[in-house]
Amino acid sequence: MTAIHISLADPATLLMRWDDGHESRMSLKSLRDACPCAGCKGETVLMKTYAPVDTPTQPGAYELRGAQPVGSYALQFTWGDGHATGIYTWETLRALCPCRACQRA
């Protein structure tokens with residue numbers, strides 16, 4: 001599964017059209033809040049878990065400034081506060097789709 005078209009539907013919503021014809025509309029806030037990077041979600045290394053540091057939301061945190069492909073399997077977003085370390089796989093992005101069909105799957 002791969003997104004074949006990605007654009008902003010409006011200043012707060014990302015539109016993704018998938019190769020199976022499905023269309024996802026995701027709020028930028030929900031995408032940013034689901035950032036999968038170690039700084040946002042924590043990580044486990046050699047069976048030791050590191051929790052993320054709780055930081056206040058910075059201005060621009062929910063403004064999308066760019067999206068770059070990562071190989072053929074993911075996107076890396078750049079946010080208005082400079083955050084750009086999260087790599088969202090196609091599977092992660094599809095799982096974040098808020099529509100009823102995707103949430104049931």
# chains A, B, ... in the order shown; residues from 1 in each chain; ligands from 1
call {"tool": "select_by_dssp", "arguments": {"residues": "range 43-93 of chain A", "states": "alpha helix (DSSP H)", "output": "PyMOL selection string"}}
result
chain A and resi 90-93
call {"tool": "write_last_selection", "arguments": {"atoms": "C-alpha atoms", "output": "CSV table (one decimal), in the first residue's frame"}}
result
chain,number,residue,atom,x,y,z
A,90,TRP,CA,2.7,3.9,4.8
A,91,GLU,CA,1.2,1.4,7.2
A,92,THR,CA,1.3,3.9,10.1
A,93,LEU,CA,-0.3,6.6,8.0
call {"tool": "select_by_dssp", "arguments": {"residues": "chain A", "states": "strand (DSSP E or B)", "output": "PyMOL selection string"}}
result
chain A and resi 3-10+13-18+23-27+43-45+48-50+64-70+74-79+87-89
call {"tool": "write_last_selection", "arguments": {"atoms": "N, CA and C atoms", "output": "CSV table (one decimal), in the first residue's frame"}}
result
chain,number,residue,atom,x,y,z
A,3,ALA,N,0.7,5.7,-0.8
A,3,ALA,CA,0.0,6.9,-1.2
A,3,ALA,C,0.5,7.4,-2.5
A,4,ILE,N,-0.4,7.7,-3.4
A,4,ILE,CA,0.0,8.1,-4.8
A,4,ILE,C,-0.2,9.6,-5.0
A,5,HIS,N,-1.0,10.3,-4.0
A,5,HIS,CA,-1.1,11.7,-4.1
A,5,HIS,C,-1.3,12.3,-2.7
A,6,ILE,N,-0.5,13.3,-2.4
A,6,ILE,CA,-0.5,13.9,-1.0
A,6,ILE,C,-0.6,15.4,-1.2
A,7,SER,N,-1.6,16.0,-0.5
A,7,SER,CA,-1.7,17.5,-0.6
A,7,SER,C,-2.4,17.9,0.6
A,8,LEU,N,-2.5,19.3,0.8
A,8,LEU,CA,-3.3,19.8,1.9
A,8,LEU,C,-4.7,20.1,1.4
A,9,ALA,N,-5.7,19.5,2.0
A,9,ALA,CA,-7.0,19.8,1.7
A,9,ALA,C,-7.4,21.2,2.2
A,10,ASP,N,-6.9,21.6,3.3
A,10,ASP,CA,-7.0,23.0,3.8
A,10,ASP,C,-5.8,23.2,4.8
A,13,THR,N,-5.6,20.1,7.3
A,13,THR,CA,-5.9,18.8,6.9
A,13,THR,C,-5.1,18.3,5.8
A,14,LEU,N,-4.5,17.1,6.0
A,14,LEU,CA,-3.7,16.4,4.9
A,14,LEU,C,-4.6,15.5,4.2
A,15,LEU,N,-4.6,15.5,2.9
A,15,LEU,CA,-5.3,14.6,2.0
A,15,LEU,C,-4.3,13.6,1.4
A,16,MET,N,-4.6,12.3,1.5
A,16,MET,CA,-3.8,11.3,0.9
A,16,MET,C,-4.7,10.4,0.1
A,17,ARG,N,-4.3,10.2,-1.2
A,17,ARG,CA,-5.0,9.2,-2.0
A,17,ARG,C,-4.1,8.0,-2.2
A,18,TRP,N,-4.7,6.8,-1.9
A,18,TRP,CA,-3.9,5.6,-1.9
A,18,TRP,C,-4.0,4.8,-3.2
A,23,GLU,N,-9.2,7.3,0.0
A,23,GLU,CA,-8.8,8.7,0.3
A,23,GLU,C,-8.9,8.9,1.8
A,24,SER,N,-7.8,9.4,2.3
A,24,SER,CA,-7.7,9.7,3.8
A,24,SER,C,-7.6,11.2,4.0
A,25,ARG,N,-8.3,11.7,4.9
A,25,ARG,CA,-8.2,13.1,5.3
A,25,ARG,C,-7.9,13.1,6.8
A,26,MET,N,-6.7,13.6,7.1
A,26,MET,CA,-6.2,13.5,8.5
A,26,MET,C,-5.8,14.9,9.0
A,27,SER,N,-6.2,15.2,10.2
A,27,SER,CA,-5.8,16.5,10.7
A,27,SER,C,-4.3,16.5,11.0
A,43,GLU,N,11.7,5.1,23.3
A,43,GLU,CA,12.3,4.0,22.6
A,43,GLU,C,12.8,2.9,23.6
A,44,THR,N,13.1,1.8,23.1
A,44,THR,CA,13.7,0.7,23.9
A,44,THR,C,14.9,0.3,23.2
A,45,VAL,N,16.0,0.3,24.0
A,45,VAL,CA,17.4,-0.1,23.5
A,45,VAL,C,18.0,-1.1,24.4
A,48,LYS,N,16.2,-1.7,27.7
A,48,LYS,CA,16.0,-0.6,28.6
A,48,LYS,C,15.1,0.4,27.9
A,49,THR,N,14.0,0.8,28.5
A,49,THR,CA,13.0,1.7,27.9
A,49,THR,C,13.3,3.1,28.4
A,50,TYR,N,13.3,4.0,27.4
A,50,TYR,CA,13.5,5.5,27.6
A,50,TYR,C,12.2,6.2,27.3
A,64,LEU,N,2.4,22.2,8.9
A,64,LEU,CA,3.2,21.3,8.0
A,64,LEU,C,4.0,22.2,7.1
A,65,ARG,N,5.3,22.0,7.1
A,65,ARG,CA,6.2,22.8,6.2
A,65,ARG,C,6.7,22.0,5.1
A,66,GLY,N,6.7,20.7,5.2
A,66,GLY,CA,7.2,19.8,4.1
A,66,GLY,C,7.0,18.3,4.4
A,67,ALA,N,7.1,17.5,3.3
A,67,ALA,CA,7.1,16.1,3.5
A,67,ALA,C,8.0,15.5,2.4
A,68,GLN,N,8.9,14.7,2.9
A,68,GLN,CA,9.9,14.1,2.1
A,68,GLN,C,9.8,12.5,2.1
A,69,PRO,N,9.9,11.9,0.9
A,69,PRO,CA,9.8,10.4,0.9
A,69,PRO,C,11.1,9.9,1.6
A,70,VAL,N,10.9,8.7,2.3
A,70,VAL,CA,12.0,8.0,2.9
A,70,VAL,C,11.9,6.6,2.1
A,74,ALA,N,8.0,5.2,3.3
A,74,ALA,CA,7.6,6.2,4.4
A,74,ALA,C,7.6,7.6,3.9
A,75,LEU,N,7.1,8.5,4.8
A,75,LEU,CA,7.3,9.9,4.7
A,75,LEU,C,7.9,10.5,6.0
A,76,GLN,N,8.7,11.6,5.8
A,76,GLN,CA,9.2,12.3,6.9
A,76,GLN,C,8.7,13.7,6.8
A,77,PHE,N,7.9,14.2,7.8
A,77,PHE,CA,7.3,15.5,7.8
A,77,PHE,C,8.2,16.5,8.5
A,78,THR,N,8.2,17.7,8.0
A,78,THR,CA,8.9,18.8,8.7
A,78,THR,C,7.8,19.8,9.2
A,79,TRP,N,7.8,20.1,10.5
A,79,TRP,CA,6.8,20.9,11.1
A,79,TRP,C,7.3,22.3,11.4
A,87,ILE,N,9.5,9.4,11.2
A,87,ILE,CA,9.4,8.7,9.9
A,87,ILE,C,8.1,7.9,10.0
A,88,TYR,N,7.1,8.3,9.2
A,88,TYR,CA,5.8,7.6,9.2
A,88,TYR,C,5.7,6.7,8.0
A,89,THR,N,5.7,5.4,8.3
A,89,THR,CA,5.6,4.4,7.3
A,89,THR,C,4.2,4.5,6.6
call {"tool": "atom_distance", "arguments": {"atom1": "CA of Asp33 in chain A", "atom2": "CA of Cys99 in chain A"}}
result
17.6 Å
